[in-house]
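One file, query-v3.pdb, is given below (PDB, C-alpha atoms).
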MODEL        1
ATOM      1  CA  VAL K   1     -67.824  71.116  99.712
ATOM      2  CA  LEU K   2     -67.282  70.721 103.466
ATOM      3  CA  ASN K   3     -68.127  67.005 103.364
ATOM      4  CA  ALA K   4     -65.687  66.488 100.503
ATOM      5  CA  GLY K   5     -62.949  68.258 102.482
ATOM      6  CA  LEU K   6     -63.622  66.275 105.656
ATOM      7  CA  SER K   7     -63.565  63.025 103.644
ATOM      8  CA  ALA K   8     -59.787  63.317 103.356
ATOM      9  CA  PHE K   9     -59.509  62.886 107.148
ATOM     10  CA  SER K  10     -62.103  60.178 107.851
ATOM     11  CA  ASP K  11     -63.450  56.827 106.696
ATOM     12  CA  ARG K  12     -66.692  58.488 105.611
ATOM     13  CA  LYS K  13     -66.846  59.853 102.076
ATOM     14  CA  LEU K  14     -70.045  61.848 101.509
ATOM     15  CA  PHE K  15     -71.057  63.958  98.523
ATOM     16  CA  GLN K  16     -74.559  65.415  98.616
ATOM     17  CA  GLY K  17     -76.594  68.147  96.984
ATOM     18  CA  PHE K  18     -80.143  69.392  97.200
ATOM     19  CA  ILE K  19     -82.617  71.524  95.359
ATOM     20  CA  SER K  20     -85.754  73.172  96.670
ATOM     21  CA  THR K  21     -88.475  75.127  94.972
ATOM     22  CA  ARG K  22     -91.259  77.239  96.333
ATOM     23  CA  PHE K  23     -94.664  75.658  95.735
ATOM     24  CA  ASN K  24     -96.684  78.437  97.365
ATOM     25  CA  LYS K  25     -96.053  81.166  99.951
ATOM     26  CA  LYS K  26     -95.188  78.731 102.802
ATOM     27  CA  LEU K  27     -94.704  75.313 101.172
ATOM     28  CA  TYR K  28     -91.450  74.192  99.535
ATOM     29  CA  LEU K  29     -90.711  70.991  97.601
ATOM     30  CA  VAL K  30     -87.231  69.568  98.153
ATOM     31  CA  GLY K  31     -85.035  66.800  96.753
ATOM     32  CA  ASP K  32     -81.609  65.479  97.781
ATOM     33  CA  ILE K  33     -79.222  63.185  95.948
ATOM     34  CA  GLY K  34     -75.880  61.894  97.112
ATOM     35  CA  PHE K  35     -73.187  59.239  97.338
ATOM     36  CA  GLU K  36     -71.701  57.852 100.545
ATOM     37  CA  LYS K  37     -68.917  55.391 101.306
ATOM     38  CA  ASN K  38     -68.445  54.390 104.939
ATOM     39  CA  VAL K  39     -67.118  51.670 107.261
ATOM     40  CA  TYR K  40     -68.478  50.154 110.469
ATOM     41  CA  GLN K  41     -65.851  48.783 112.859
ATOM     42  CA  LYS K  42     -67.499  48.266 116.210
ATOM     43  CA  ASN K  43     -68.275  45.322 118.549
ATOM     44  CA  ALA K  44     -66.026  42.980 116.504
ATOM     45  CA  TYR K  45     -67.875  43.818 113.257
ATOM     46  CA  ASP K  46     -65.967  45.015 110.207
ATOM     47  CA  ALA K  47     -68.341  46.138 107.464
ATOM     48  CA  SER K  48     -68.286  48.608 104.602
ATOM     49  CA  ALA K  49     -70.938  50.058 102.315
ATOM     50  CA  ASN K  50     -71.033  52.460  99.409
ATOM     51  CA  GLY K  51     -73.808  53.657  97.150
ATOM     52  CA  PHE K  52     -76.257  56.304  96.093
ATOM     53  CA  PHE K  53     -79.258  57.732  97.922
ATOM     54  CA  GLY K  54     -82.113  60.060  97.102
ATOM     55  CA  LYS K  55     -84.741  61.904  99.135
ATOM     56  CA  LEU K  56     -87.960  63.657  98.092
ATOM     57  CA  GLY K  57     -90.244  65.673 100.287
ATOM     58  CA  ALA K  58     -91.602  69.019 101.366
ATOM     59  CA  TYR K  59     -91.329  71.470 104.212
ATOM     60  CA  TYR K  60     -93.627  74.158 105.531
ATOM     61  CA  MET K  61     -92.400  77.557 106.748
ATOM     62  CA  LEU K  62     -93.610  77.795 110.344
ATOM     63  CA  VAL K  63     -92.130  81.237 111.096
ATOM     64  CA  MET K  64     -91.034  83.716 108.422
ATOM     65  CA  ASP K  65     -89.005  86.908 108.740
ATOM     66  CA  SER K  66     -91.151  89.983 108.011
ATOM     67  CA  GLU K  67     -88.335  91.623 105.989
ATOM     68  CA  ASN K  68     -87.370  88.523 103.976
ATOM     69  CA  GLU K  69     -89.947  85.762 103.776
ATOM     70  CA  LEU K  70     -87.294  83.246 102.648
ATOM     71  CA  ASN K  71     -85.700  83.488 106.123
ATOM     72  CA  GLY K  72     -87.336  81.493 108.872
ATOM     73  CA  PHE K  73     -87.938  78.195 110.619
ATOM     74  CA  TYR K  74     -89.601  75.198 108.985
ATOM     75  CA  GLY K  75     -90.716  71.632 109.487
ATOM     76  CA  GLY K  76     -91.437  68.862 107.021
ATOM     77  CA  GLY K  77     -90.614  65.371 105.885
ATOM     78  CA  LYS K  78     -89.009  63.267 103.176
ATOM     79  CA  LEU K  79     -89.221  59.774 101.727
ATOM     80  CA  ALA K  80     -85.767  58.343 101.055
ATOM     81  CA  ALA K  81     -84.124  55.366  99.400
ATOM     82  CA  SER K  82     -80.611  54.022  99.016
ATOM     83  CA  VAL K  83     -79.137  51.494  96.588
ATOM     84  CA  TYR K  84     -75.719  50.302  97.683
ATOM     85  CA  LYS K  85     -73.104  47.544  97.927
ATOM     86  CA  GLN K  86     -72.181  46.193 101.323
ATOM     87  CA  GLU K  87     -69.441  43.826 102.418
ATOM     88  CA  TYR K  88     -68.854  42.158 105.765
ATOM     89  CA  ALA K  89     -65.150  41.438 106.284
ATOM     90  CA  LYS K  90     -65.806  40.194 109.825
ATOM     91  CA  ILE K  91     -68.942  39.196 111.754
ATOM     92  CA  PRO K  92     -68.557  37.784 115.282
ATOM     93  CA  ILE K  93     -70.000  34.344 116.052
ATOM     94  CA  LYS K  94     -70.461  32.936 119.539
ATOM     95  CA  GLY K  95     -69.437  29.316 119.637
ATOM     96  CA  PHE K  96     -69.859  26.407 121.985
ATOM     97  CA  SER K  97     -68.599  27.007 125.551
ATOM     98  CA  GLY K  98     -68.280  30.756 124.930
ATOM     99  CA  SER K  99     -65.612  30.489 122.244
ATOM    100  CA  ASN K 100     -65.542  33.337 119.735
ATOM    101  CA  SER K 101     -64.902  33.171 116.029
ATOM    102  CA  SER K 102     -65.885  35.212 113.018
ATOM    103  CA  THR K 103     -67.063  34.814 109.471
ATOM    104  CA  SER K 104     -67.195  37.056 106.410
ATOM    105  CA  TYR K 105     -69.599  37.659 103.547
ATOM    106  CA  PRO K 106     -68.757  38.874 100.036
ATOM    107  CA  ALA K 107     -70.006  42.160  98.623
ATOM    108  CA  SER K 108     -73.693  42.164  97.720
ATOM    109  CA  SER K 109     -76.210  44.671  96.362
ATOM    110  CA  GLN K 110     -78.757  45.945  98.877
ATOM    111  CA  SER K 111     -81.447  48.599  99.161
ATOM    112  CA  SER K 112     -83.046  50.466 102.064
ATOM    113  CA  TYR K 113     -86.013  52.810 102.444
ATOM    114  CA  TRP K 114     -86.795  55.275 105.229
ATOM    115  CA  ILE K 115     -88.749  58.367 106.197
ATOM    116  CA  GLU K 116     -87.254  61.401 107.867
ATOM    117  CA  ALA K 117     -88.591  64.533 109.460
ATOM    118  CA  ASN K 118     -86.868  67.870 108.865
ATOM    119  CA  ILE K 119     -86.816  70.638 111.438
ATOM    120  CA  GLY K 120     -84.602  73.586 110.627
ATOM    121  CA  GLY K 121     -84.024  77.165 109.717
ATOM    122  CA  ARG K 122     -82.687  79.279 106.896
ATOM    123  CA  ILE K 123     -81.156  82.749 106.887
ATOM    124  CA  LYS K 124     -79.777  84.989 104.140
ATOM    125  CA  LEU K 125     -76.052  85.753 104.187
ATOM    126  CA  PHE K 126     -75.716  89.544 104.219
ATOM    127  CA  GLN K 127     -76.874  91.181 100.963
ATOM    128  CA  THR K 128     -76.096  88.208  98.706
ATOM    129  CA  ARG K 129     -78.207  85.519  97.061
ATOM    130  CA  PHE K 130     -76.671  82.904  99.391
ATOM    131  CA  TYR K 131     -78.434  81.311 102.365
ATOM    132  CA  ILE K 132     -77.329  79.068 105.219
ATOM    133  CA  ASP K 133     -79.751  76.276 105.915
ATOM    134  CA  ALA K 134     -79.384  73.986 108.968
ATOM    135  CA  GLN K 135     -81.642  71.130 110.055
ATOM    136  CA  VAL K 136     -82.004  68.112 112.303
ATOM    137  CA  GLN K 137     -83.356  64.947 110.722
ATOM    138  CA  PRO K 138     -84.870  62.197 112.868
ATOM    139  CA  ARG K 139     -84.972  59.113 110.608
ATOM    140  CA  TYR K 140     -86.922  55.849 110.761
ATOM    141  CA  LEU K 141     -85.863  52.867 108.630
ATOM    142  CA  LEU K 142     -88.926  51.306 107.014
ATOM    143  CA  TYR K 143     -87.362  48.410 105.094
ATOM    144  CA  SER K 144     -83.949  47.000 104.175
ATOM    145  CA  THR K 145     -82.970  44.011 102.155
ATOM    146  CA  LYS K 146     -80.761  41.645 104.130
ATOM    147  CA  GLN K 147     -77.805  39.493 103.201
ATOM    148  CA  ASP K 148     -78.369  36.063 104.811
ATOM    149  CA  GLY K 149     -80.649  37.645 107.427
ATOM    150  CA  ILE K 150     -78.061  40.189 108.636
ATOM    151  CA  THR K 151     -79.387  43.665 109.402
ATOM    152  CA  PRO K 152     -77.268  46.307 107.602
ATOM    153  CA  MET K 153     -74.903  48.254 109.866
ATOM    154  CA  ILE K 154     -74.423  51.127 107.396
ATOM    155  CA  VAL K 155     -76.955  52.562 104.980
ATOM    156  CA  PRO K 156     -75.697  55.384 102.724
ATOM    157  CA  GLY K 157     -77.753  58.509 103.412
ATOM    158  CA  PHE K 158     -79.286  57.008 106.584
ATOM    159  CA  GLY K 159     -76.136  56.510 108.636
ATOM    160  CA  LYS K 160     -74.467  53.946 110.876
ATOM    161  CA  SER K 161     -76.935  52.011 112.993
ATOM    162  CA  SER K 162     -78.090  48.504 113.683
ATOM    163  CA  GLY K 163     -81.455  49.914 114.782
ATOM    164  CA  LYS K 164     -84.382  51.396 112.907
ATOM    165  CA  PHE K 165     -84.064  54.923 114.359
ATOM    166  CA  ASN K 166     -81.244  57.351 113.633
ATOM    167  CA  MET K 167     -80.694  61.087 114.020
ATOM    168  CA  GLY K 168     -79.026  63.218 111.392
ATOM    169  CA  PHE K 169     -77.882  66.814 111.173
ATOM    170  CA  SER K 170     -77.014  68.738 108.051
ATOM    171  CA  TRP K 171     -76.321  72.237 106.941
ATOM    172  CA  TYR K 172     -76.187  73.660 103.454
ATOM    173  CA  ILE K 173     -75.064  76.744 101.678
ATOM    174  CA  ALA K 174     -77.819  77.483  99.183
ATOM    175  CA  TYR K 175     -78.005  79.857  96.243
ATOM    176  CA  GLN K 176     -81.257  81.528  95.196
ATOM    177  CA  PHE K 177     -81.818  81.634  91.418
TER
ENDMDL
END

Write the structure described by the file as C-alpha cells, please.
Amino acid sequence: VLNAGLSAFSDRKLFQGFISTRFNKKLYLVGDIGFEKNVYQKNAYDASANGFFGKLGAYYMLVMDSENELNGFYGGGKLAASVYKQEYAKIPIKGFSGSNSSTSYPASSQSSYWIEANIGGRIKLFQTRFYIDAQVQPRYLLYSTKQDGITPMIVPGFGKSSGKFNMGFSWYIAYQF
C-alpha cells in the first residue's frame, strides 16, 4: 500500500506482495511476486523498463522472542527472476575527436535472474494478528539477456544498476492466518 501511494509522486511504480509459511519451528518458506515500472535517466542515458518479478526462498529464525516465537531476527536467501520490457530512448555514443551523439533502441522483451540474501526482523503489532517485517537484501545479478549487447540499467524487482551487485531494503505489514 505504501509503494502504491509513493508511486503517485515518483517515476517508480512498484506493487509487491509476499507470502510465507512455517516449515518447522525455525524455518520459513517465502515467496514474493510483483510488478515494477521505472526509468533510468543518468549519465546521458534515458531508459525505461516495466514487468513482473518473482522470488522464492527460505529464511531461518536466528533469534526468537521467548514470549512469541514468531517475533525475532532471521537470515535467509531467495532465487529471483524478472520478465520485462525495456526501451532505450537515448544511449550516449562517443564519436571521433570527442564528439558526442546518441542513439535509441525500440522496446524489447528481456529477462534477468539473481540471488538475494535476506537479513531482517519481525515483531507483532500490539495484541493483533499483524506483524511488521523489515529486511535488507543484498542482491547479485546472475544473468540478464541483452539487447544488442547493452547491459540493462533497470531490472524490475532488482533495481537500478549497471553493475551486478545491488542493495535493497523492504518492509512489510503481514497478517497471520

Report task. Have a look at atom CA of K:Ile119 and atom CA of K:Ser66 and let me know their distance in Å, one decimal. Result -> 20.1 Å

**Report entry** Surrounding residues of K:Asn118 excluding itself and chain neighbours under 2 positions, 6 Å, all atoms listed in the file, as a PyMOL selection string
**Finding:** chain K and resi 75-77+136-137

Query - Picked residues, the PyMOL selection byres ((chain K and resi 32-34) around 6), as number ranges by chain - result: K: 15-18, 31, 35, 52-55

Report task. Do a neighbour search on K:Ile150 at 10 Å with all atoms listed in the file, toss out local chain neighbours closer than 5 positions, and write the hits as a ChimeraX atom specification. Result -> /K:88,91,145,162

Query - Neighbour list for stretch 131-134 of chain K as number ranges by chain, cut-off 7 Å, only C-alpha atoms, skip fewer than 6 positions in-chain - result: K: 120-125, 170-175

Take the point (-74.3, 54.9, 97.3) in the file's coordinates, draw a sphere of radius 12 Å around it, and report as an mmCIF file with C-alpha atoms, in the frame of the given file every protein, DNA or RNA residue with an atom inside or on it, counting all atoms listed in the file.
data_model
loop_
_atom_site.group_PDB
_atom_site.id
_atom_site.type_symbol
_atom_site.label_atom_id
_atom_site.label_comp_id
_atom_site.auth_asym_id
_atom_site.auth_seq_id
_atom_site.Cartn_x
_atom_site.Cartn_y
_atom_site.Cartn_z
ATOM 1 C CA ARG K 12 -66.692 58.488 105.611
ATOM 2 C CA LYS K 13 -66.846 59.853 102.076
ATOM 3 C CA LEU K 14 -70.045 61.848 101.509
ATOM 4 C CA PHE K 15 -71.057 63.958 98.523
ATOM 5 C CA GLN K 16 -74.559 65.415 98.616
ATOM 6 C CA ILE K 33 -79.222 63.185 95.948
ATOM 7 C CA GLY K 34 -75.880 61.894 97.112
ATOM 8 C CA PHE K 35 -73.187 59.239 97.338
ATOM 9 C CA GLU K 36 -71.701 57.852 100.545
ATOM 10 C CA LYS K 37 -68.917 55.391 101.306
ATOM 11 C CA ASN K 38 -68.445 54.390 104.939
ATOM 12 C CA SER K 48 -68.286 48.608 104.602
ATOM 13 C CA ALA K 49 -70.938 50.058 102.315
ATOM 14 C CA ASN K 50 -71.033 52.460 99.409
ATOM 15 C CA GLY K 51 -73.808 53.657 97.150
ATOM 16 C CA PHE K 52 -76.257 56.304 96.093
ATOM 17 C CA PHE K 53 -79.258 57.732 97.922
ATOM 18 C CA GLY K 54 -82.113 60.060 97.102
ATOM 19 C CA ALA K 81 -84.124 55.366 99.400
ATOM 20 C CA SER K 82 -80.611 54.022 99.016
ATOM 21 C CA VAL K 83 -79.137 51.494 96.588
ATOM 22 C CA TYR K 84 -75.719 50.302 97.683
ATOM 23 C CA LYS K 85 -73.104 47.544 97.927
ATOM 24 C CA GLN K 86 -72.181 46.193 101.323
ATOM 25 C CA SER K 109 -76.210 44.671 96.362
ATOM 26 C CA GLN K 110 -78.757 45.945 98.877
ATOM 27 C CA SER K 111 -81.447 48.599 99.161
ATOM 28 C CA SER K 112 -83.046 50.466 102.064
ATOM 29 C CA ILE K 154 -74.423 51.127 107.396
ATOM 30 C CA VAL K 155 -76.955 52.562 104.980
ATOM 31 C CA PRO K 156 -75.697 55.384 102.724
ATOM 32 C CA GLY K 157 -77.753 58.509 103.412
ATOM 33 C CA PHE K 158 -79.286 57.008 106.584
ATOM 34 C CA GLY K 159 -76.136 56.510 108.636
#

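Taking only C-alpha atoms into account, K:Leu27 lies nearest to K:Tyr74 out of the set K:Tyr40, K:Tyr74, K:Tyr140, K:Asn166.
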
Requested in this report: Between atom CA of K:Phe9 and atom CA of K:Ser104, measure the distance and give it in Å to one decimal.
Outcome: 27.0 Å
